[in-house]
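A.B. asks: I'd like to ask you about the structure that follows.
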Amino acid sequence: GITLGSGLLGPLGDRYGRKTVLVISMIATGAFTACTALARSPAEFVAWRLLTGLALGAGLPNCAALTSEFAPLKQRSLLVGMINIASPLGAFSAGFIAPPVLDAFGWRGTFLIGGGAPLLIGLLVLMLVPESLKFLMIRRPADPRIGRTLRRLAPEIDPAAVVVPSVPTARRASPLALLGIDYRSRTLLLWAM
């Protein structure tokens, strides 16, 4: 689910906004996790977990993109790396947290409690995190959030003086182009990993 969500739903951030997709992703992750507690059969359980993975997968690349965009240049690699290990670290930590929660609330309680954290994260992102400046400048150049965000990040820059770069229209290419001479070695290396 996470793999499919990252590949199929993650790019929606380029169309609708990274923050928007991240908020929706976190709320959906929390809701689907909590709904897992309602499963009445193994098939329902698997379906809720798949939906949870799809929603979480949609948020991961958008979280990494926002982090990369707003992180100070000197710490960008470290912070993006930390974002990328947060999900597996959370899964690892759940193994230590789950036993006492299982004892106290049963298996259904673990999913109800586990659904609360992403809902809280989604609300915090909604209230505290600005939308991607790159997204706003390319997709919505007249959006007043550009000026507000620039004033917070770089008060010395006059938002009115910022020139929005024109984005060239990308031409469509066949996925087979990834196996062309220019990209073959990198493509095969990434696929092998």
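We label chains A, B, ... in the order they appear in the structure tokens, count residues from 1 in each chain, and number ligands from 1 in the order shown.
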List as a tab-separated table every residue of region 55-110 of chain A that is in contact with region 26-38 of chain A, defined as an atom at most 8 Å from one of its atoms (using only C-alpha atoms), together with the nearest atom pair and the distance in Å rounded to one decimal, sorted by chain and then rising number.
C.D. replies:
```
residue	atom	partner	partner_atom	distance
A:Ala55	CA	A:Thr29	CA	5.3
A:Leu56	CA	A:Thr29	CA	5.7
A:Gly59	CA	A:Met26	CA	6.9
A:Trp107	CA	A:Ala37	CA	7.5
A:Arg108	CA	A:Ala37	CA	4.4
A:Gly109	CA	A:Ala37	CA	7.0
A:Thr110	CA	A:Ala37	CA	8.0
```
A.B. asks: Hey, which of A:Leu112, A:Pro61, A:Met137, A:Thr67 ends up closest to Leu12 (chain A)? Count only C-alpha atoms.
C.D. replies: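 Among the listed residues, the smallest separation from Leu12 (chain A) belongs to A:Pro61.
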A.B. asks: Could you list, as an MDAnalysis selection string, every residue within 6 Å of Gly1 (chain A), counting only C-alpha atoms and ignoring same-chain residues fewer than 3 positions away?
C.D. replies: chainID A and resid 4:5 50 53:54
A.B. asks: Applying 8 Å and only C-alpha atoms, which residues near Gly17 (chain A) remain after dropping the ones on its own chain fewer than 5 positions away? List them as a PyMOL selection string.
C.D. replies: chain A and resi 12+131-132+135-136
A.B. asks: Could you dump the residues just selected with N, CA and C atoms as a PDB file, in the first residue's frame?
C.D. replies:
```
ATOM      1  N   LEU A  12       0.264  13.688  -6.704  1.00  0.00           N
ATOM      2  CA  LEU A  12      -0.860  14.630  -6.634  1.00  0.00           C
ATOM      3  C   LEU A  12      -0.447  15.934  -5.949  1.00  0.00           C
ATOM      4  N   GLU A 131       2.258  26.135   2.768  1.00  0.00           N
ATOM      5  CA  GLU A 131       2.251  25.407   1.496  1.00  0.00           C
ATOM      6  C   GLU A 131       3.595  25.628   0.805  1.00  0.00           C
ATOM      7  N   SER A 132       3.964  24.711  -0.040  1.00  0.00           N
ATOM      8  CA  SER A 132       5.204  24.798  -0.803  1.00  0.00           C
ATOM      9  C   SER A 132       5.257  26.096  -1.603  1.00  0.00           C
ATOM     10  N   PHE A 135       5.410  25.310  -5.344  1.00  0.00           N
ATOM     11  CA  PHE A 135       4.085  24.980  -5.869  1.00  0.00           C
ATOM     12  C   PHE A 135       3.263  26.249  -6.072  1.00  0.00           C
ATOM     13  N   LEU A 136       3.226  27.103  -5.050  1.00  0.00           N
ATOM     14  CA  LEU A 136       2.424  28.324  -5.158  1.00  0.00           C
ATOM     15  C   LEU A 136       2.919  29.240  -6.266  1.00  0.00           C
TER      16      LEU A 136
END
```
A.B. asks: Assign secondary structure with DSSP using the backbone only, and return the residues of region 11-186 of chain A in alpha helix (DSSP H) as a PyMOL selection string.
C.D. replies: chain A and resi 12-16+18-36+42-70+76-128+133-139+145-153+184-186
A.B. asks: Using C-alpha atoms, can you write the selected residues to a file as a compact mmCIF listing (two decimals), in the first residue's frame?
C.D. replies:
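Heads up, here's the output in selection_23.txt:
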```txt
# COMPACT_ATOMS: atom_id res chain seq x y z
CA LEU A 12 -0.86 14.63 -6.63
CA GLY A 13 1.13 17.10 -4.54
CA ASP A 14 2.43 18.62 -7.76
CA ARG A 15 -1.12 19.29 -8.88
CA TYR A 16 -3.00 20.15 -5.67
CA ARG A 18 2.17 19.34 -1.14
CA LYS A 19 0.63 20.55 2.11
CA THR A 20 -2.89 19.77 0.88
CA VAL A 21 -1.97 16.19 -0.06
CA LEU A 22 -0.02 15.74 3.17
CA VAL A 23 -2.97 16.89 5.32
CA ILE A 24 -5.45 14.70 3.44
CA SER A 25 -2.99 11.81 3.64
CA MET A 26 -2.57 12.10 7.40
CA ILE A 27 -6.30 12.42 8.04
CA ALA A 28 -7.01 9.43 5.79
CA THR A 29 -4.20 7.42 7.42
CA GLY A 30 -5.67 8.11 10.85
CA ALA A 31 -9.23 7.34 9.77
CA PHE A 32 -8.30 4.11 7.98
CA THR A 33 -6.13 2.99 10.90
CA ALA A 34 -9.02 3.59 13.31
CA CYS A 35 -11.41 1.81 10.93
CA THR A 36 -9.14 -1.24 11.09
CA PRO A 42 -9.25 -11.09 7.86
CA ALA A 43 -10.25 -9.75 4.41
CA GLU A 44 -11.67 -6.55 5.93
CA PHE A 45 -8.56 -6.20 8.08
CA VAL A 46 -6.31 -6.48 5.01
CA ALA A 47 -8.48 -3.99 3.08
CA TRP A 48 -8.24 -1.37 5.86
CA ARG A 49 -4.48 -1.90 6.14
CA LEU A 50 -4.10 -1.54 2.36
CA LEU A 51 -6.07 1.73 2.41
CA THR A 52 -3.94 2.90 5.34
CA GLY A 53 -0.77 2.14 3.36
CA LEU A 54 -2.07 3.95 0.27
CA ALA A 55 -2.88 7.04 2.33
CA LEU A 56 0.44 6.97 4.18
CA GLY A 57 2.31 6.44 0.92
CA ALA A 58 0.67 9.53 -0.60
CA GLY A 59 2.00 11.65 2.26
CA LEU A 60 5.59 10.43 2.46
CA PRO A 61 6.97 12.00 -0.74
CA ASN A 62 5.10 15.24 -0.05
CA CYS A 63 6.49 15.40 3.47
CA ALA A 64 10.00 14.85 2.09
CA ALA A 65 9.45 17.52 -0.59
CA LEU A 66 8.21 20.09 1.95
CA THR A 67 11.08 19.27 4.29
CA SER A 68 13.59 19.63 1.47
CA GLU A 69 12.11 22.94 0.39
CA PHE A 70 12.04 24.60 3.80
CA ARG A 76 18.76 19.62 4.23
CA SER A 77 20.30 16.18 3.63
CA LEU A 78 20.15 15.28 7.31
CA LEU A 79 16.53 16.40 7.71
CA VAL A 80 15.30 14.69 4.54
CA GLY A 81 17.14 11.54 5.65
CA MET A 82 15.43 11.73 9.04
CA ILE A 83 12.05 12.08 7.33
CA ASN A 84 12.79 8.98 5.26
CA ILE A 85 13.67 6.87 8.29
CA ALA A 86 10.76 8.13 10.41
CA SER A 87 8.24 5.68 8.97
CA PRO A 88 10.33 2.52 9.45
CA LEU A 89 11.42 3.80 12.86
CA GLY A 90 7.75 4.24 13.78
CA ALA A 91 6.98 0.69 12.67
CA PHE A 92 9.94 -0.57 14.73
CA SER A 93 8.83 1.41 17.79
CA ALA A 94 5.30 0.01 17.51
CA GLY A 95 6.70 -3.39 18.44
CA PHE A 96 7.69 -2.00 21.84
CA ILE A 97 4.59 0.14 22.37
CA ALA A 98 2.02 -2.45 21.27
CA PRO A 99 2.32 -5.04 24.10
CA PRO A 100 1.20 -2.76 26.97
CA VAL A 101 -1.50 -1.21 24.76
CA LEU A 102 -2.69 -4.69 23.75
CA ASP A 103 -2.85 -5.72 27.41
CA ALA A 104 -4.85 -2.64 28.35
CA PHE A 105 -7.16 -2.19 25.33
CA GLY A 106 -6.97 -5.30 23.14
CA TRP A 107 -6.07 -5.41 19.45
CA ARG A 108 -8.91 -3.11 18.44
CA GLY A 109 -7.74 -0.49 20.92
CA THR A 110 -4.28 -0.41 19.39
CA PHE A 111 -5.76 0.64 16.05
CA LEU A 112 -8.08 3.21 17.63
CA ILE A 113 -5.16 4.76 19.51
CA GLY A 114 -2.86 4.38 16.50
CA GLY A 115 -5.36 6.27 14.36
CA GLY A 116 -5.23 9.27 16.67
CA ALA A 117 -1.59 10.21 16.02
CA PRO A 118 -1.94 10.77 12.24
CA LEU A 119 -5.14 12.76 12.81
CA LEU A 120 -3.28 15.00 15.25
CA ILE A 121 -0.33 15.32 12.84
CA GLY A 122 -2.72 16.24 10.02
CA LEU A 123 -4.30 18.99 12.12
CA LEU A 124 -0.89 20.33 13.18
CA VAL A 125 0.32 20.40 9.56
CA LEU A 126 -2.89 22.18 8.55
CA MET A 127 -2.38 24.87 11.20
CA LEU A 128 1.41 25.28 11.26
CA LEU A 133 6.50 28.09 -2.18
CA LYS A 134 7.57 26.39 -5.40
CA PHE A 135 4.09 24.98 -5.87
CA LEU A 136 2.42 28.32 -5.16
CA MET A 137 4.77 30.31 -7.38
CA ILE A 138 4.28 27.96 -10.33
CA ARG A 139 0.61 27.04 -9.94
CA ARG A 145 0.41 33.05 0.97
CA ILE A 146 3.59 33.56 -1.09
CA GLY A 147 4.19 36.98 0.47
CA ARG A 148 3.29 35.81 3.99
CA THR A 149 5.63 32.82 3.77
CA LEU A 150 8.47 34.87 2.28
CA ARG A 151 8.13 37.47 5.06
CA ARG A 152 8.47 34.69 7.66
CA LEU A 153 11.39 32.94 5.98
CA ARG A 184 20.02 2.61 -18.57
CA SER A 185 22.71 2.19 -15.90
CA ARG A 186 20.95 4.45 -13.37
```
A.B. asks: Distance CA of Arg140 (chain A)-CA of Asp158 (chain A), one decimal place?
C.D. replies: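 These atoms are spaced 17.9 Å apart.
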A.B. asks: Hey, can you check how far CA of Ala177 (chain A) sits from CA of Ala192 (chain A)?
C.D. replies: 17.6 Å
